[in-house]
file entry-v4.cif (mmCIF, C-alpha atoms)
data_input
#
loop_
_atom_site.label_atom_id
_atom_site.label_comp_id
_atom_site.auth_asym_id
_atom_site.auth_seq_id
_atom_site.Cartn_x
_atom_site.Cartn_y
_atom_site.Cartn_z
CA MET A 392 -46.79 -32.64 -61.85
CA SER A 393 -44.42 -31.14 -59.31
CA GLU A 394 -41.05 -32.70 -58.69
CA GLN A 395 -40.78 -34.25 -55.24
CA THR A 396 -37.68 -34.26 -53.12
CA PRO A 397 -36.53 -37.84 -52.41
CA ASP A 398 -37.36 -38.95 -48.89
CA HIS A 399 -34.17 -40.25 -47.37
CA ASP A 400 -31.90 -39.69 -44.39
CA GLU A 401 -28.60 -39.50 -46.22
CA ALA A 402 -26.14 -37.13 -44.52
CA HIS A 403 -24.26 -34.53 -46.52
CA GLY A 404 -21.53 -32.00 -46.04
CA GLU A 405 -18.35 -31.66 -44.10
CA GLY A 406 -20.07 -32.78 -40.87
CA LEU A 407 -20.20 -36.38 -42.05
CA GLY A 408 -16.58 -36.30 -43.20
CA GLY A 409 -15.50 -34.87 -39.87
CA ARG A 410 -17.37 -37.53 -37.93
CA LEU A 411 -15.88 -40.28 -40.08
CA ASN A 412 -12.40 -38.89 -39.49
CA TRP A 413 -12.92 -38.89 -35.74
CA LEU A 414 -14.32 -42.43 -35.82
CA ARG A 415 -11.44 -43.63 -37.98
CA ALA A 416 -8.95 -42.04 -35.56
CA ALA A 417 -10.69 -43.76 -32.63
CA VAL A 418 -10.47 -47.14 -34.36
CA LEU A 419 -6.78 -46.64 -35.12
CA GLY A 420 -6.10 -45.48 -31.57
CA ALA A 421 -7.78 -48.56 -30.13
CA ASN A 422 -5.83 -50.71 -32.58
CA ASP A 423 -2.56 -49.16 -31.37
CA GLY A 424 -3.57 -49.84 -27.77
CA VAL A 425 -4.27 -53.50 -28.53
CA VAL A 426 -1.05 -54.14 -30.45
CA SER A 427 1.41 -52.26 -28.25
CA THR A 428 0.02 -53.56 -24.95
CA ALA A 429 -0.32 -57.11 -26.29
CA GLY A 430 3.29 -57.04 -27.44
CA LEU A 431 4.40 -55.76 -24.05
CA VAL A 432 2.52 -58.23 -21.83
CA VAL A 433 3.22 -61.22 -24.07
CA GLY A 434 6.90 -60.35 -24.02
CA VAL A 435 6.89 -60.11 -20.24
CA ALA A 436 4.95 -63.39 -20.04
CA GLY A 437 7.73 -65.02 -22.02
CA ALA A 438 10.16 -64.06 -19.26
CA THR A 439 8.04 -64.58 -16.15
CA GLY A 440 4.70 -66.01 -15.05
CA SER A 441 4.28 -63.58 -12.15
CA ARG A 442 0.79 -62.09 -12.25
CA SER A 443 1.87 -58.99 -10.32
CA THR A 444 4.74 -58.40 -12.74
CA LEU A 445 2.43 -58.78 -15.72
CA LEU A 446 -0.10 -56.40 -14.17
CA THR A 447 2.56 -53.82 -13.35
CA ALA A 448 4.09 -53.96 -16.81
CA GLY A 449 0.70 -53.86 -18.51
CA LEU A 450 -0.55 -50.89 -16.49
CA ALA A 451 2.70 -49.01 -17.05
CA GLY A 452 2.44 -49.66 -20.79
CA LEU A 453 -1.22 -48.62 -20.85
CA LEU A 454 -0.58 -45.34 -19.03
CA ALA A 455 2.59 -44.52 -20.95
CA GLY A 456 0.97 -45.32 -24.30
CA SER A 457 -2.28 -43.45 -23.64
CA MET A 458 -0.48 -40.37 -22.33
CA SER A 459 1.94 -40.44 -25.26
CA MET A 460 -0.93 -40.71 -27.73
CA ALA A 461 -2.84 -37.87 -26.04
CA ALA A 462 0.21 -35.60 -25.85
CA GLY A 463 1.18 -36.27 -29.46
CA GLU A 464 -2.36 -35.63 -30.68
CA TYR A 465 -2.60 -32.43 -28.63
CA VAL A 466 0.65 -31.06 -30.06
CA SER A 467 -0.27 -32.07 -33.62
CA VAL A 468 -3.78 -30.62 -33.53
CA SER A 469 -2.62 -27.47 -31.71
CA THR A 470 -0.14 -26.87 -34.52
CA GLN A 471 -2.90 -27.37 -37.08
CA ARG A 472 -5.24 -25.01 -35.20
CA ASP A 473 -2.54 -22.34 -34.94
CA ALA A 474 -1.94 -22.59 -38.69
CA GLU A 475 -5.68 -22.32 -39.39
CA LYS A 476 -6.04 -19.25 -37.16
CA ALA A 477 -3.02 -17.59 -38.74
CA ALA A 478 -4.43 -18.24 -42.21
CA LEU A 479 -7.77 -16.70 -41.21
CA VAL A 480 -6.03 -13.62 -39.77
CA GLN A 481 -4.10 -13.13 -43.00
CA GLU A 482 -7.23 -13.65 -45.10
CA ARG A 483 -9.14 -11.10 -43.03
CA ARG A 484 -6.30 -8.58 -43.51
CA GLU A 485 -6.21 -9.14 -47.27
CA LEU A 486 -9.98 -8.73 -47.51
CA ALA A 487 -9.70 -5.40 -45.70
CA THR A 488 -6.80 -4.05 -47.76
CA GLU A 489 -7.35 -5.63 -51.19
CA PRO A 490 -11.05 -6.46 -51.58
CA LYS A 491 -11.04 -6.26 -55.39
CA ALA A 492 -8.06 -8.57 -55.74
CA GLU A 493 -9.68 -11.02 -53.31
CA LEU A 494 -12.91 -10.99 -55.32
CA ILE A 495 -10.95 -11.78 -58.50
CA GLU A 496 -9.14 -14.56 -56.65
CA LEU A 497 -12.40 -16.07 -55.41
CA THR A 498 -13.87 -15.88 -58.91
CA GLY A 499 -10.85 -17.76 -60.28
CA LEU A 500 -11.18 -20.46 -57.62
CA LEU A 501 -14.85 -20.95 -58.46
CA ARG A 502 -14.04 -21.13 -62.18
CA ALA A 503 -11.48 -23.82 -61.38
CA LYS A 504 -14.33 -25.82 -59.83
CA GLY A 505 -16.14 -25.83 -63.18
CA LEU A 506 -18.33 -22.72 -63.15
CA SER A 507 -18.51 -20.46 -66.16
CA ALA A 508 -16.81 -17.07 -65.95
CA LYS A 509 -20.11 -15.21 -65.62
CA LEU A 510 -21.60 -17.56 -63.04
CA ALA A 511 -18.37 -17.70 -61.07
CA ARG A 512 -18.34 -13.90 -60.87
CA GLU A 513 -21.97 -13.78 -59.73
CA VAL A 514 -21.44 -16.47 -57.10
CA ALA A 515 -18.26 -14.80 -55.86
CA GLU A 516 -20.05 -11.46 -55.50
CA GLN A 517 -22.95 -13.03 -53.62
CA LEU A 518 -20.68 -15.01 -51.30
CA THR A 519 -18.58 -11.93 -50.64
CA ALA A 520 -21.63 -9.83 -49.85
CA HIS A 521 -22.95 -12.50 -47.48
CA ASP A 522 -19.71 -13.38 -45.61
CA ALA A 523 -16.45 -12.70 -47.41
CA LEU A 524 -14.20 -14.30 -44.81
CA ARG A 525 -16.21 -17.52 -44.69
CA ALA A 526 -16.30 -17.71 -48.46
CA HIS A 527 -12.53 -17.42 -48.79
CA ALA A 528 -11.91 -19.69 -45.80
CA GLU A 529 -14.02 -22.50 -47.23
CA VAL A 530 -13.23 -22.15 -50.94
CA GLU A 531 -9.59 -21.04 -50.78
CA LEU A 532 -8.33 -22.52 -47.51
CA GLY A 533 -10.68 -25.45 -46.92
CA ILE A 534 -11.40 -24.20 -43.39
CA ASP A 535 -14.70 -23.78 -41.57
CA PRO A 536 -14.14 -20.72 -39.32
CA ASP A 537 -16.75 -22.00 -36.85
CA ALA A 538 -15.33 -25.51 -36.58
CA LEU A 539 -11.59 -25.20 -36.02
CA THR A 540 -9.88 -28.32 -34.76
CA ASN A 541 -9.92 -28.71 -30.98
CA PRO A 542 -6.67 -30.10 -29.50
CA TRP A 543 -8.30 -31.04 -26.18
CA HIS A 544 -10.99 -33.07 -27.91
CA ALA A 545 -8.39 -34.82 -30.04
CA ALA A 546 -6.17 -35.57 -27.03
CA GLY A 547 -9.09 -36.91 -24.99
CA ALA A 548 -10.32 -39.11 -27.83
CA SER A 549 -6.83 -40.55 -28.40
CA PHE A 550 -6.35 -41.21 -24.68
CA LEU A 551 -9.71 -42.96 -24.39
CA ALA A 552 -9.34 -45.01 -27.57
CA PHE A 553 -5.85 -46.24 -26.66
CA THR A 554 -6.94 -47.08 -23.12
CA VAL A 555 -9.95 -49.09 -24.28
CA GLY A 556 -7.80 -51.04 -26.72
CA ALA A 557 -5.02 -51.63 -24.17
CA LEU A 558 -7.39 -52.96 -21.49
CA LEU A 559 -8.26 -56.05 -23.52
CA PRO A 560 -4.79 -57.69 -23.67
CA LEU A 561 -4.05 -56.53 -20.13
CA LEU A 562 -7.13 -58.23 -18.68
CA ALA A 563 -6.64 -61.26 -20.92
CA ILE A 564 -3.12 -61.84 -19.60
CA VAL A 565 -3.76 -61.31 -15.86
CA LEU A 566 -7.21 -62.82 -15.25
CA PRO A 567 -6.94 -66.42 -16.63
CA PRO A 568 -4.98 -69.17 -14.85
CA ASP A 569 -1.31 -69.53 -15.71
CA GLY A 570 -1.64 -72.25 -18.35
CA LEU A 571 -4.34 -70.42 -20.31
CA ARG A 572 -2.94 -66.88 -20.28
CA LEU A 573 -1.11 -66.91 -23.60
CA PRO A 574 -3.73 -68.72 -25.73
CA ILE A 575 -6.56 -66.59 -24.31
CA THR A 576 -4.56 -63.38 -24.83
CA VAL A 577 -3.58 -64.29 -28.39
CA GLY A 578 -7.16 -65.25 -29.25
CA ALA A 579 -8.63 -62.09 -27.72
CA VAL A 580 -6.06 -59.88 -29.44
CA LEU A 581 -6.65 -61.48 -32.84
CA ALA A 582 -10.42 -61.06 -32.44
CA ALA A 583 -10.00 -57.39 -31.50
CA LEU A 584 -7.60 -56.73 -34.38
CA ALA A 585 -9.94 -58.43 -36.81
CA LEU A 586 -12.76 -56.18 -35.60
CA CYS A 587 -10.56 -53.05 -35.92
CA GLY A 588 -9.53 -54.11 -39.41
CA TRP A 589 -13.13 -54.69 -40.42
CA MET A 590 -14.22 -51.31 -39.05
CA SER A 591 -11.36 -49.39 -40.67
CA ALA A 592 -12.08 -51.06 -44.01
CA ARG A 593 -15.79 -50.27 -43.82
CA LEU A 594 -15.10 -46.63 -42.87
CA GLY A 595 -12.73 -46.27 -45.81
CA ALA A 596 -14.95 -48.26 -48.22
CA ALA A 597 -12.01 -50.63 -48.79
CA PRO A 598 -11.91 -54.44 -49.14
CA VAL A 599 -12.43 -56.07 -45.74
CA ALA A 600 -10.35 -59.26 -46.04
CA PRO A 601 -6.97 -57.60 -46.76
CA ALA A 602 -7.50 -55.10 -43.92
CA ILE A 603 -8.25 -57.88 -41.44
CA LEU A 604 -5.29 -59.96 -42.59
CA ARG A 605 -2.90 -56.99 -42.35
CA ASN A 606 -4.15 -56.09 -38.91
CA ALA A 607 -4.06 -59.61 -37.54
CA GLY A 608 -0.70 -60.33 -39.19
CA GLY A 609 0.88 -57.26 -37.63
CA GLY A 610 -0.42 -58.22 -34.20
CA VAL A 611 0.85 -61.80 -34.51
CA LEU A 612 4.28 -60.55 -35.59
CA ALA A 613 4.48 -58.09 -32.70
CA MET A 614 3.52 -60.73 -30.13
CA ALA A 615 5.86 -63.33 -31.63
CA VAL A 616 8.86 -61.02 -31.60
CA THR A 617 8.33 -59.80 -28.04
CA TYR A 618 7.57 -63.31 -26.76
CA VAL A 619 10.78 -64.71 -28.24
CA ALA A 620 12.70 -61.77 -26.75
CA GLY A 621 11.06 -62.34 -23.36
CA VAL A 622 11.85 -66.06 -23.39
CA ALA A 623 15.46 -65.36 -24.32
CA LEU A 624 15.84 -62.75 -21.57
CA GLY A 625 14.16 -65.02 -19.02
CA ALA A 626 16.37 -67.95 -19.94
CA SER A 627 19.49 -65.81 -19.64
CA GLY A 628 18.46 -64.62 -16.19
CA VAL A 629 18.36 -60.95 -17.12
#

call {"tool": "encode", "arguments": {"input": "entry-v4.cif", "output": "C-alpha cells"}}
result
Amino acid sequence: MSEQTPDHDEAHGEGLGGRLNWLRAAVLGANDGVVSTAGLVVGVAGATGSRSTLLTAGLAGLLAGSMSMAAGEYVSVSTQRDAEKAALVQERRELATEPKAELIELTGLLRAKGLSAKLAREVAEQLTAHDALRAHAEVELGIDPDALTNPWHAAGASFLAFTVGALLPLLAIVLPPDGLRLPITVGAVLAALALCGWMSARLGAAPVAPAILRNAGGGVLAMAVTYVAGVALGASGV
C-alpha cells in the first residue's frame, strides 16, 4: 500500500514567517497610532473644548507620527538592505577566489545542523553545483537573494498602519458632542488596544489576556498623564 501525502493547506517556509512579520509590524504600527494620537488629543481636550483646536492638534499628530514612522522604517530597512547586499557581494567574491574553502565552510554549517559528515559533504556539493551563492546566502547568512528587504514597502506599510490607528481617536474626539467626547474616545481607544493586543498575542502564539491588559493599561496610563497635564496647563492659562 503506497504512502499518501496528507491533504492539508498548511503553509511552510520563509514566506509564512515573512508575512507574519509584516502583519505583526502592521499591528504594532496601528497600536502606536492609537496610543500616541489618543494621548495627544485627550491631553488637548483637558486644556480646551474647542473642536477646531482638537482637530488641528490631532491632524498634526497624525501626520507627524505617520511620517516619523515611515522615515524611521525606511532608514532602518535601507540599512538592513545595504548590509545584506554587501554580505552577498563579499560571499560572491569569496566563492570566486576560494571555492574549496567555501565548500568546506558550507559542509561545516550543514554538519552543525545535524547532518552526518558524509551527508553534509554530499549536500554541500549538490547545493554548490546548483547555486553556490544561494546556498551560502541561505545557510550561512540567512538571506534569500531574491527577497531582500524593501525599504519603500516597509515605509509605506508603517505610514498606513499608523494612520489607520491614529484616525480612530481623532474621529472619536472631534465627532461626538462636547459632553461625550472623552468617554467615547476612551472607550474606542480601549477597544482598539484590546483588539491590537489580541492580534499580537495570536500572531506570537502568546497568552491573550496578559497582552490585552498590557496594551490597555499602557493606553490608559498615556491618556491619564496627558489629560492631567492638559487640565493643569488649561487651568494655569498657558

call {"tool": "resolve_selection", "arguments": {"input": "entry-v4.cif", "expression": "the PyMOL selection byres ((chain A and resi 418) around 8)", "output": "PyMOL selection string"}}
result
chain A and resi 414-417+419-422+552+587+590-591

call {"tool": "resolve_selection", "arguments": {"input": "entry-v4.cif", "expression": "the PyMOL selection byres ((chain A and resi 555) around 12)", "output": "compact mmCIF listing (two decimals) with C-alpha atoms, in the frame of the given file"}}
result
# COMPACT_ATOMS: atom_id res chain seq x y z
CA ALA A 417 -10.69 -43.76 -32.63
CA VAL A 418 -10.47 -47.14 -34.36
CA LEU A 419 -6.78 -46.64 -35.12
CA GLY A 420 -6.10 -45.48 -31.57
CA ALA A 421 -7.78 -48.56 -30.13
CA ASN A 422 -5.83 -50.71 -32.58
CA ASP A 423 -2.56 -49.16 -31.37
CA GLY A 424 -3.57 -49.84 -27.77
CA VAL A 425 -4.27 -53.50 -28.53
CA VAL A 426 -1.05 -54.14 -30.45
CA THR A 428 0.02 -53.56 -24.95
CA LEU A 453 -1.22 -48.62 -20.85
CA LEU A 454 -0.58 -45.34 -19.03
CA GLY A 456 0.97 -45.32 -24.30
CA SER A 457 -2.28 -43.45 -23.64
CA ALA A 548 -10.32 -39.11 -27.83
CA SER A 549 -6.83 -40.55 -28.40
CA PHE A 550 -6.35 -41.21 -24.68
CA LEU A 551 -9.71 -42.96 -24.39
CA ALA A 552 -9.34 -45.01 -27.57
CA PHE A 553 -5.85 -46.24 -26.66
CA THR A 554 -6.94 -47.08 -23.12
CA GLY A 556 -7.80 -51.04 -26.72
CA ALA A 557 -5.02 -51.63 -24.17
CA LEU A 558 -7.39 -52.96 -21.49
CA LEU A 559 -8.26 -56.05 -23.52
CA PRO A 560 -4.79 -57.69 -23.67
CA LEU A 561 -4.05 -56.53 -20.13
CA LEU A 562 -7.13 -58.23 -18.68
CA ALA A 583 -10.00 -57.39 -31.50

call {"tool": "residues_around", "arguments": {"input": "entry-v4.cif", "residues": "stretch 535-545 of chain A", "least_positions_apart": "3", "cutoff": "6 Å", "atoms": "all atoms listed in the file", "output": "VMD selection string"}}
result
chain A and resid 465 468 to 469 472 529 548

call {"tool": "resolve_selection", "arguments": {"input": "entry-v4.cif", "expression": "the PyMOL selection byres ((chain A and resi 500) around 12)", "output": "JSON, numbers by chain"}}
result
{"A": [493, 494, 495, 496, 497, 498, 499, 501, 502, 503, 504, 505, 506, 507, 508, 511, 512, 514, 515, 526, 527, 528, 529, 530, 531, 532, 533]}

call {"tool": "write_last_selection", "arguments": {"input": "entry-v4.cif", "atoms": "C-alpha atoms", "output": "PDB file, in the coordinates of the input"}}
result
ATOM      1  CA  GLU A 493      -9.680 -11.020 -53.310  1.00  0.00           C
ATOM      2  CA  LEU A 494     -12.910 -10.990 -55.320  1.00  0.00           C
ATOM      3  CA  ILE A 495     -10.950 -11.780 -58.500  1.00  0.00           C
ATOM      4  CA  GLU A 496      -9.140 -14.560 -56.650  1.00  0.00           C
ATOM      5  CA  LEU A 497     -12.400 -16.070 -55.410  1.00  0.00           C
ATOM      6  CA  THR A 498     -13.870 -15.880 -58.910  1.00  0.00           C
ATOM      7  CA  GLY A 499     -10.850 -17.760 -60.280  1.00  0.00           C
ATOM      8  CA  LEU A 501     -14.850 -20.950 -58.460  1.00  0.00           C
ATOM      9  CA  ARG A 502     -14.040 -21.130 -62.180  1.00  0.00           C
ATOM     10  CA  ALA A 503     -11.480 -23.820 -61.380  1.00  0.00           C
ATOM     11  CA  LYS A 504     -14.330 -25.820 -59.830  1.00  0.00           C
ATOM     12  CA  GLY A 505     -16.140 -25.830 -63.180  1.00  0.00           C
ATOM     13  CA  LEU A 506     -18.330 -22.720 -63.150  1.00  0.00           C
ATOM     14  CA  SER A 507     -18.510 -20.460 -66.160  1.00  0.00           C
ATOM     15  CA  ALA A 508     -16.810 -17.070 -65.950  1.00  0.00           C
ATOM     16  CA  ALA A 511     -18.370 -17.700 -61.070  1.00  0.00           C
ATOM     17  CA  ARG A 512     -18.340 -13.900 -60.870  1.00  0.00           C
ATOM     18  CA  VAL A 514     -21.440 -16.470 -57.100  1.00  0.00           C
ATOM     19  CA  ALA A 515     -18.260 -14.800 -55.860  1.00  0.00           C
ATOM     20  CA  ALA A 526     -16.300 -17.710 -48.460  1.00  0.00           C
ATOM     21  CA  HIS A 527     -12.530 -17.420 -48.790  1.00  0.00           C
ATOM     22  CA  ALA A 528     -11.910 -19.690 -45.800  1.00  0.00           C
ATOM     23  CA  GLU A 529     -14.020 -22.500 -47.230  1.00  0.00           C
ATOM     24  CA  VAL A 530     -13.230 -22.150 -50.940  1.00  0.00           C
ATOM     25  CA  GLU A 531      -9.590 -21.040 -50.780  1.00  0.00           C
ATOM     26  CA  LEU A 532      -8.330 -22.520 -47.510  1.00  0.00           C
ATOM     27  CA  GLY A 533     -10.680 -25.450 -46.920  1.00  0.00           C
TER      28      GLY A 533
END

call {"tool": "residues_around", "arguments": {"input": "entry-v4.cif", "residues": "A:Gly588", "least_positions_apart": "3", "cutoff": "10 Å", "atoms": "all atoms listed in the file", "output": "PDB file with C-alpha atoms, keeping the file's coordinate frame"}}
result
ATOM      1  CA  VAL A 418     -10.470 -47.140 -34.360  1.00  0.00           C
ATOM      2  CA  LEU A 419      -6.780 -46.640 -35.120  1.00  0.00           C
ATOM      3  CA  ASN A 422      -5.830 -50.710 -32.580  1.00  0.00           C
ATOM      4  CA  ALA A 582     -10.420 -61.060 -32.440  1.00  0.00           C
ATOM      5  CA  ALA A 583     -10.000 -57.390 -31.500  1.00  0.00           C
ATOM      6  CA  LEU A 584      -7.600 -56.730 -34.380  1.00  0.00           C
ATOM      7  CA  ALA A 585      -9.940 -58.430 -36.810  1.00  0.00           C
ATOM      8  CA  SER A 591     -11.360 -49.390 -40.670  1.00  0.00           C
ATOM      9  CA  ALA A 592     -12.080 -51.060 -44.010  1.00  0.00           C
ATOM     10  CA  ARG A 593     -15.790 -50.270 -43.820  1.00  0.00           C
ATOM     11  CA  LEU A 594     -15.100 -46.630 -42.870  1.00  0.00           C
ATOM     12  CA  VAL A 599     -12.430 -56.070 -45.740  1.00  0.00           C
ATOM     13  CA  ALA A 600     -10.350 -59.260 -46.040  1.00  0.00           C
ATOM     14  CA  PRO A 601      -6.970 -57.600 -46.760  1.00  0.00           C
ATOM     15  CA  ALA A 602      -7.500 -55.100 -43.920  1.00  0.00           C
ATOM     16  CA  ILE A 603      -8.250 -57.880 -41.440  1.00  0.00           C
ATOM     17  CA  LEU A 604      -5.290 -59.960 -42.590  1.00  0.00           C
ATOM     18  CA  ARG A 605      -2.900 -56.990 -42.350  1.00  0.00           C
ATOM     19  CA  ASN A 606      -4.150 -56.090 -38.910  1.00  0.00           C
ATOM     20  CA  ALA A 607      -4.060 -59.610 -37.540  1.00  0.00           C
TER      21      ALA A 607
END

call {"tool": "closest_residue", "arguments": {"input": "entry-v4.cif", "among": "A:Met460, A:Val432, A:Gly452, A:Arg442", "to": "A:Leu566", "atoms": "all atoms listed in the file"}}
result
A:Arg442

call {"tool": "closest_atom_pairs", "arguments": {"input": "entry-v4.cif", "of": "stretch 501-597 of chain A", "to": "stretch 608-622 of chain A", "cutoff": "8 Å", "atoms": "only C-alpha atoms", "output": "CSV"}}
result
residue,atom,partner,partner_atom,distance
A:Val577,CA,A:Val611,CA,8.0
A:Val580,CA,A:Gly610,CA,7.6
A:Leu581,CA,A:Gly610,CA,7.2
A:Leu584,CA,A:Gly610,CA,7.3

call {"tool": "atom_distance", "arguments": {"input": "entry-v4.cif", "atom1": "atom CA of A:Leu450", "atom2": "atom CA of A:Thr576"}}
result
15.5 Å

call {"tool": "atom_distance", "arguments": {"input": "entry-v4.cif", "atom1": "atom CA of A:Lys491", "atom2": "atom CA of A:Ala523"}}
result
11.6 Å

call {"tool": "atom_distance", "arguments": {"input": "entry-v4.cif", "atom1": "atom CA of A:Leu445", "atom2": "atom CA of A:Leu571"}}
result
14.2 Å
